[in-house]
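A.B. asks: Structure file protein_10.cif (mmCIF, C-alpha atoms) is given on the next line.
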```cif
data_data
loop_
_atom_site.label_atom_id
_atom_site.label_comp_id
_atom_site.auth_asym_id
_atom_site.auth_seq_id
_atom_site.Cartn_x
_atom_site.Cartn_y
_atom_site.Cartn_z
CA MET I 530 -51.30 -26.52 30.56
CA PRO I 531 -49.38 -23.29 31.28
CA VAL I 532 -45.67 -22.79 31.87
CA ARG I 533 -44.73 -24.36 35.20
CA VAL I 534 -42.97 -22.15 37.77
CA VAL I 535 -40.55 -23.80 40.21
CA THR I 536 -38.73 -22.21 43.12
CA ASP I 537 -37.15 -23.34 46.38
CA SER I 538 -38.14 -22.73 49.98
CA SER I 539 -35.77 -19.77 50.32
CA SER I 540 -38.44 -17.75 48.51
CA GLY I 541 -40.60 -17.89 51.63
CA LEU I 542 -43.86 -18.11 49.70
CA PRO I 543 -46.91 -18.71 51.92
CA PRO I 544 -48.67 -22.04 51.25
CA GLU I 545 -51.93 -20.35 50.28
CA VAL I 546 -50.15 -18.35 47.56
CA VAL I 547 -48.38 -21.47 46.31
CA ASP I 548 -51.70 -23.30 46.05
CA GLU I 549 -53.55 -20.42 44.42
CA LEU I 550 -50.94 -19.81 41.70
CA GLY I 551 -49.84 -23.42 41.18
CA ILE I 552 -46.19 -22.75 42.00
CA THR I 553 -43.94 -25.68 42.85
CA VAL I 554 -41.72 -25.12 45.90
CA ILE I 555 -38.86 -27.52 46.63
CA ASP I 556 -37.61 -27.52 50.19
CA LEU I 557 -33.93 -26.82 50.78
CA HIS I 558 -32.39 -29.12 53.35
CA VAL I 559 -32.32 -27.99 56.98
CA MET I 560 -29.85 -29.92 59.11
CA THR I 561 -30.08 -30.27 62.88
CA ASP I 562 -27.44 -30.37 65.60
CA GLU I 563 -26.99 -33.04 68.27
CA GLU I 564 -29.77 -31.47 70.36
CA GLY I 565 -32.20 -31.64 67.44
CA ASN I 566 -32.22 -27.88 66.76
CA ASP I 567 -32.03 -26.39 63.27
CA ALA I 568 -28.34 -25.64 62.73
CA SER I 569 -27.57 -25.24 59.04
CA THR I 570 -28.85 -25.72 55.51
CA SER I 571 -27.65 -27.36 52.33
CA GLY I 572 -28.58 -26.81 48.71
CA LEU I 573 -30.57 -29.04 46.43
CA SER I 574 -28.77 -31.58 44.28
CA ALA I 575 -28.91 -31.79 40.50
CA LEU I 576 -30.60 -35.20 40.82
CA GLU I 577 -33.37 -33.75 42.99
CA LEU I 578 -33.92 -30.91 40.57
CA VAL I 579 -33.92 -33.15 37.48
CA ALA I 580 -36.73 -35.14 39.09
CA ALA I 581 -38.66 -32.00 40.02
CA TYR I 582 -38.29 -30.38 36.59
CA ALA I 583 -39.26 -33.63 34.84
CA ARG I 584 -42.49 -33.85 36.85
CA GLN I 585 -43.38 -30.27 35.97
CA LEU I 586 -42.53 -30.70 32.30
CA GLU I 587 -44.87 -33.67 32.24
CA ARG I 588 -47.61 -31.53 33.77
CA GLY I 589 -46.99 -28.57 31.51
CA GLY I 590 -46.44 -30.43 28.27
CA ASP I 591 -44.40 -28.44 25.78
CA GLU I 592 -44.78 -25.11 27.58
CA GLY I 593 -41.62 -25.49 29.66
CA VAL I 594 -40.41 -24.79 33.19
CA LEU I 595 -39.18 -21.54 34.71
CA ALA I 596 -36.92 -22.10 37.73
CA LEU I 597 -36.10 -19.34 40.24
CA HIS I 598 -33.60 -20.27 42.93
CA ILE I 599 -31.67 -18.65 45.73
CA SER I 600 -28.62 -16.59 44.74
CA LYS I 601 -25.65 -18.68 43.63
CA GLU I 602 -23.54 -16.66 46.06
CA LEU I 603 -25.57 -18.06 48.96
CA SER I 604 -26.16 -21.68 47.92
CA SER I 605 -25.00 -24.40 45.56
CA THR I 606 -28.59 -24.82 44.36
CA TRP I 607 -28.23 -22.58 41.29
CA SER I 608 -25.27 -24.60 39.99
CA ALA I 609 -27.24 -27.80 40.52
CA ALA I 610 -30.21 -26.24 38.72
CA ALA I 611 -28.07 -25.32 35.72
CA GLN I 612 -26.78 -28.89 35.56
CA ALA I 613 -30.31 -30.25 35.85
CA ALA I 614 -31.66 -27.98 33.11
CA ALA I 615 -28.97 -29.23 30.72
CA VAL I 616 -30.46 -32.73 30.92
CA PHE I 617 -33.57 -31.61 29.06
CA PRO I 618 -33.98 -30.38 25.47
CA GLU I 619 -32.56 -26.90 24.97
CA GLY I 620 -34.96 -24.22 26.17
CA ALA I 621 -37.29 -26.58 28.02
CA VAL I 622 -36.09 -25.35 31.43
CA ARG I 623 -35.05 -21.73 31.98
CA VAL I 624 -33.09 -21.13 35.18
CA ILE I 625 -32.75 -17.62 36.61
CA ASP I 626 -29.86 -16.66 38.84
CA THR I 627 -32.02 -14.41 40.98
CA GLY I 628 -29.14 -12.81 42.87
CA SER I 629 -31.52 -12.68 45.80
CA VAL I 630 -33.33 -14.52 48.57
CA GLY I 631 -36.68 -14.34 50.33
CA MET I 632 -39.82 -12.76 48.98
CA ALA I 633 -38.02 -10.90 46.20
CA ILE I 634 -37.80 -14.35 44.62
CA GLY I 635 -41.31 -15.12 45.81
CA ALA I 636 -42.69 -11.99 44.14
CA ALA I 637 -40.96 -12.87 40.87
CA ALA I 638 -42.38 -16.40 41.01
CA MET I 639 -45.83 -14.96 41.70
CA ALA I 640 -45.60 -12.59 38.75
CA ALA I 641 -44.42 -15.34 36.40
CA ALA I 642 -47.08 -17.79 37.56
CA LYS I 643 -49.82 -15.20 37.10
CA VAL I 644 -48.93 -14.42 33.49
CA ALA I 645 -48.40 -18.14 32.84
CA SER I 646 -51.98 -18.77 33.94
CA GLU I 647 -53.06 -16.14 31.40
CA GLY I 648 -51.30 -17.96 28.56
CA ALA I 649 -47.83 -16.37 28.50
CA ASP I 650 -45.07 -18.47 26.97
CA LEU I 651 -41.79 -19.37 28.68
CA GLU I 652 -39.90 -16.36 27.34
CA GLU I 653 -42.60 -13.96 28.54
CA CYS I 654 -42.64 -15.59 31.97
CA TYR I 655 -38.85 -15.33 32.13
CA ASP I 656 -38.94 -11.65 31.18
CA ILE I 657 -41.49 -10.66 33.82
CA ALA I 658 -39.65 -12.62 36.51
CA VAL I 659 -36.36 -10.90 35.67
CA ASP I 660 -38.07 -7.51 35.54
CA THR I 661 -39.63 -8.09 38.97
CA LEU I 662 -36.28 -9.10 40.44
CA GLU I 663 -34.56 -6.06 38.94
CA ARG I 664 -37.16 -3.81 40.56
CA SER I 665 -36.72 -5.42 43.96
CA ALA I 666 -34.54 -4.97 47.00
CA THR I 667 -34.18 -7.01 50.17
CA TRP I 668 -32.97 -5.93 53.59
CA VAL I 669 -32.55 -7.97 56.76
CA TYR I 670 -32.61 -6.61 60.30
CA LEU I 671 -30.62 -8.79 62.69
CA ARG I 672 -31.09 -8.78 66.44
CA GLY I 673 -27.70 -10.51 66.71
CA THR I 674 -24.87 -11.50 64.38
CA GLU I 675 -23.70 -14.87 65.65
CA GLU I 676 -25.80 -17.05 63.32
CA ILE I 677 -25.13 -15.07 60.15
CA ARG I 678 -21.42 -14.90 60.94
CA LYS I 679 -21.23 -18.67 61.37
CA SER I 680 -23.15 -19.25 58.15
CA GLY I 681 -20.44 -17.68 55.99
CA ARG I 682 -23.14 -16.03 53.87
CA ILE I 683 -21.97 -12.46 54.27
CA SER I 684 -19.57 -10.56 52.05
CA ALA I 685 -15.85 -10.62 52.86
CA GLY I 686 -15.89 -6.97 53.88
CA THR I 687 -18.79 -7.48 56.26
CA ALA I 688 -17.13 -10.57 57.72
CA VAL I 689 -14.12 -8.47 58.65
CA LEU I 690 -16.46 -6.09 60.47
CA SER I 691 -18.38 -8.83 62.27
CA ALA I 692 -16.54 -8.45 65.57
CA ALA I 693 -17.30 -4.74 65.60
CA LEU I 694 -21.00 -5.48 65.02
CA LEU I 695 -21.49 -7.54 68.14
CA ALA I 696 -22.92 -4.65 70.14
CA THR I 697 -25.11 -3.34 67.31
CA LYS I 698 -28.32 -4.30 65.54
CA PRO I 699 -27.19 -4.31 61.91
CA ILE I 700 -29.20 -3.94 58.74
CA MET I 701 -27.97 -6.04 55.84
CA GLN I 702 -28.90 -5.81 52.16
CA ILE I 703 -28.69 -8.36 49.39
CA ASN I 704 -26.25 -6.81 46.93
CA GLY I 705 -24.58 -8.73 44.14
CA GLY I 706 -26.16 -11.86 45.53
CA ARG I 707 -24.53 -11.56 48.96
CA LEU I 708 -25.39 -9.93 52.26
CA GLU I 709 -23.67 -6.61 52.85
CA LEU I 710 -23.86 -4.19 55.75
CA VAL I 711 -25.85 -1.03 54.98
CA GLY I 712 -26.51 0.25 58.48
CA LYS I 713 -25.83 -0.43 62.14
CA THR I 714 -27.97 0.87 64.96
CA ARG I 715 -28.00 0.57 68.72
CA THR I 716 -31.73 -0.02 69.10
CA GLN I 717 -34.48 -1.81 67.24
CA SER I 718 -36.46 1.43 67.05
CA LYS I 719 -33.65 3.14 65.15
CA ALA I 720 -33.22 0.08 62.93
CA PHE I 721 -36.91 0.16 61.96
CA THR I 722 -36.72 3.88 61.23
CA LYS I 723 -33.73 3.20 58.95
CA LEU I 724 -35.55 0.39 57.16
CA VAL I 725 -38.52 2.62 56.49
CA GLU I 726 -36.21 5.34 55.17
CA LEU I 727 -34.54 2.88 52.82
CA VAL I 728 -37.84 1.65 51.37
CA VAL I 729 -39.20 5.19 50.97
CA GLU I 730 -35.96 6.35 49.33
CA HIS I 731 -36.16 3.61 46.72
CA ALA I 732 -39.90 4.10 46.12
CA HIS I 733 -39.56 7.62 44.70
CA GLY I 734 -43.15 8.36 45.68
CA THR I 735 -44.65 5.44 43.74
CA PRO I 736 -46.59 2.39 45.03
CA VAL I 737 -44.56 -0.51 46.42
CA PHE I 738 -45.18 -4.20 47.13
CA VAL I 739 -43.67 -5.01 50.53
CA ALA I 740 -43.30 -8.46 52.10
CA ILE I 741 -42.06 -8.82 55.67
CA GLN I 742 -40.69 -12.12 56.97
CA HIS I 743 -39.93 -12.54 60.66
CA ASN I 744 -38.31 -15.14 62.86
CA ASP I 745 -40.44 -15.41 66.00
CA ALA I 746 -41.10 -11.66 65.99
CA ALA I 747 -44.71 -11.29 64.89
CA ASP I 748 -45.46 -8.21 67.00
CA ASP I 749 -42.31 -6.43 65.83
CA ALA I 750 -43.08 -7.29 62.20
CA LEU I 751 -46.59 -5.90 62.59
CA HIS I 752 -45.19 -2.68 64.06
CA LEU I 753 -42.79 -2.28 61.13
CA LEU I 754 -45.61 -3.00 58.70
CA ASP I 755 -47.71 -0.26 60.32
CA MET I 756 -44.78 2.17 59.98
CA LEU I 757 -44.44 1.38 56.28
CA GLU I 758 -48.17 1.60 55.59
CA ALA I 759 -48.23 5.05 57.18
CA VAL I 760 -45.68 6.54 54.78
CA LEU I 761 -45.85 4.63 51.49
CA PRO I 762 -48.10 5.88 48.67
CA GLU I 763 -51.67 4.79 48.13
CA GLY I 764 -51.79 1.66 46.01
CA SER I 765 -48.94 -0.03 47.88
CA SER I 766 -49.57 -3.62 48.99
CA PHE I 767 -48.27 -5.57 51.94
CA MET I 768 -47.71 -9.13 53.14
CA SER I 769 -46.33 -10.47 56.42
CA MET I 770 -45.38 -14.05 57.23
CA GLU I 771 -43.19 -16.23 59.43
CA MET I 772 -39.66 -16.68 58.13
CA VAL I 773 -39.13 -20.18 56.75
CA PRO I 774 -36.59 -22.40 58.59
CA THR I 775 -34.26 -22.21 55.57
CA LEU I 776 -33.74 -18.50 56.29
CA ALA I 777 -34.38 -18.41 60.03
CA VAL I 778 -31.52 -20.76 60.84
CA HIS I 779 -29.04 -18.22 59.41
CA ALA I 780 -30.75 -15.01 60.49
CA GLY I 781 -31.30 -15.88 64.13
CA ALA I 782 -34.12 -15.16 66.56
CA GLY I 783 -35.86 -11.82 66.14
CA ALA I 784 -34.62 -11.28 62.60
CA ILE I 785 -36.89 -9.47 60.16
CA GLY I 786 -36.53 -9.47 56.39
CA VAL I 787 -38.06 -6.78 54.20
CA SER I 788 -38.41 -7.45 50.48
CA ALA I 789 -39.84 -4.71 48.30
CA VAL I 790 -40.73 -4.54 44.62
CA PHE I 791 -40.69 -0.99 43.28
CA THR I 792 -42.21 0.66 40.24
CA THR I 793 -38.75 1.57 38.95
CA ARG I 794 -35.48 -0.29 39.28
CA PRO I 795 -33.07 0.49 42.13
CA GLU I 796 -29.77 1.54 40.60
CA ASP I 797 -27.72 -1.07 42.49
CA ASN I 798 -29.77 -4.09 41.41
CA SER I 799 -28.08 -5.45 38.30
CA ALA I 800 -27.13 -9.02 39.22
CA VAL I 801 -30.18 -10.78 37.78
CA ARG I 802 -29.81 -12.80 34.63
#
```
Would you mind writing the file out in structure tokens?

C.D. replies:
Amino acid sequence: MPVRVVTDSSSGLPPEVVDELGITVIDLHVMTDEEGNDASTSGLSALELVAAYARQLERGGDEGVLALHISKELSSTWSAAAQAAAVFPEGAVRVIDTGSVGMAIGAAAMAAAKVASEGADLEECYDIAVDTLERSATWVYLRGTEEIRKSGRISAGTAVLSAALLATKPIMQINGGRLELVGKTRTQSKAFTKLVELVVEHAHGTPVFVAIQHNDAADDALHLLDMLEAVLPEGSSFMSMEMVPTLAVHAGAGAIGVSAVFTTRPEDNSAVR
């Protein structure tokens, strides 16, 4: 059996991709408020991850497990994963601090699972996952800032600015594992134009893989996808899907995430290890 690839639900991988590539996705915990609405999330425990890794090691035999989890700056899951990996023989479970969230992680898991199915060993799977992450960038368009402010998952500098962002539609970027402000616009139209500019700027005229995740904003996501398809080079590929509850609860209604994997590495993406 090939190397087993494990990730968590923050990756946002569609079920059909999970099934096709044999990736294991462990759901992060979504907690509800008194009215029964999704209100917050919590990370996976070391005990949960030990059990998950053990099952996959049994399935994969001696080939090992590659684990890709949400940035340690955004969740306690990575720390729990490191503890869980230490339970097993050295090198049996490789855990990547992705420094990211969303389909940047999903793309790395997809790349690793594909080469695993072709016979790659654990080290090779690890290398291609890290390379994919280092060539990726993730931006999030927010229709409002209340949910992300309450979550505490923005950088200290952005938190200070949060009151000034109330009347804007900000664009955030995952940088150093945390969400940082990279643009603020007054309208969604201007925000989408900025997002397209950011992707094109990083692409340097080469094909791009783009995944769009939306929170109850399918028509808007389709419009943004059309804008990107119109300007990105031939050979680019695209996916669009509903944002998983793990992410939606923090991003708020109307939020759209854009994860892109480029041919070359963006200069500011050096947190992966």

A.B. asks: Here's the selection I'm unsure about, the PyMOL selection byres ((chain I and resi 667) around 10); applied to the file above, which residues does it give, as a PyMOL selection string?

C.D. replies: chain I and resi 629-634+665-666+668-669+701-704+708+728+739-741+786-790

A.B. asks: Write the residues you've just listed into a file as an mmCIF file, in the coordinates of the input, and include C-alpha atoms for each of them.

C.D. replies:
```
data_model
loop_
_atom_site.group_PDB
_atom_site.id
_atom_site.type_symbol
_atom_site.label_atom_id
_atom_site.label_comp_id
_atom_site.auth_asym_id
_atom_site.auth_seq_id
_atom_site.Cartn_x
_atom_site.Cartn_y
_atom_site.Cartn_z
ATOM 1 C CA SER I 629 -31.520 -12.680 45.800
ATOM 2 C CA VAL I 630 -33.330 -14.520 48.570
ATOM 3 C CA GLY I 631 -36.680 -14.340 50.330
ATOM 4 C CA MET I 632 -39.820 -12.760 48.980
ATOM 5 C CA ALA I 633 -38.020 -10.900 46.200
ATOM 6 C CA ILE I 634 -37.800 -14.350 44.620
ATOM 7 C CA SER I 665 -36.720 -5.420 43.960
ATOM 8 C CA ALA I 666 -34.540 -4.970 47.000
ATOM 9 C CA TRP I 668 -32.970 -5.930 53.590
ATOM 10 C CA VAL I 669 -32.550 -7.970 56.760
ATOM 11 C CA MET I 701 -27.970 -6.040 55.840
ATOM 12 C CA GLN I 702 -28.900 -5.810 52.160
ATOM 13 C CA ILE I 703 -28.690 -8.360 49.390
ATOM 14 C CA ASN I 704 -26.250 -6.810 46.930
ATOM 15 C CA LEU I 708 -25.390 -9.930 52.260
ATOM 16 C CA VAL I 728 -37.840 1.650 51.370
ATOM 17 C CA VAL I 739 -43.670 -5.010 50.530
ATOM 18 C CA ALA I 740 -43.300 -8.460 52.100
ATOM 19 C CA ILE I 741 -42.060 -8.820 55.670
ATOM 20 C CA GLY I 786 -36.530 -9.470 56.390
ATOM 21 C CA VAL I 787 -38.060 -6.780 54.200
ATOM 22 C CA SER I 788 -38.410 -7.450 50.480
ATOM 23 C CA ALA I 789 -39.840 -4.710 48.300
ATOM 24 C CA VAL I 790 -40.730 -4.540 44.620
#
```

A.B. asks: Met772 of chain I: which residues within 6 Å, counting only C-alpha atoms, same-chain residues fewer than 5 positions away excluded, as a VMD selection string?

C.D. replies: chain I and resid 742 to 744 777

A.B. asks: Could you tell me how far atom CA of Gly590 of chain I lies from atom CA of Ala613 of chain I, in Å and to one decimal?

C.D. replies: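 Atom-to-atom, atom CA of Gly590 of chain I and atom CA of Ala613 of chain I are spaced 17.8 Å apart.
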
A.B. asks: Determine, counting all atoms listed in the file, which protein, DNA and RNA residues have an atom within 9 Å of an atom of Gln585 of chain I; residues of the same chain fewer than 4 positions away are not included. Present the result as an NGL selection string.

C.D. replies: :I and (532-535 or 553 or 580-581 or 589-590 or 593-594)

A.B. asks: Considering only C-alpha atoms, return as a PyMOL selection string whatever protein or nucleic-acid residues lie within 10 Å of Phe617 of chain I, sequence-local ones (same chain, fewer than 3 positions apart) excluded.

C.D. replies: chain I and resi 579+582-583+586+612-614+620-622

A.B. asks: Between I:Val554, I:Leu662, I:Val778, I:Leu753, which is the closest to Thr792 of chain I once you count only C-alpha atoms?

C.D. replies: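 Answer, going by the shortest atom-to-atom distance: I:Leu662.
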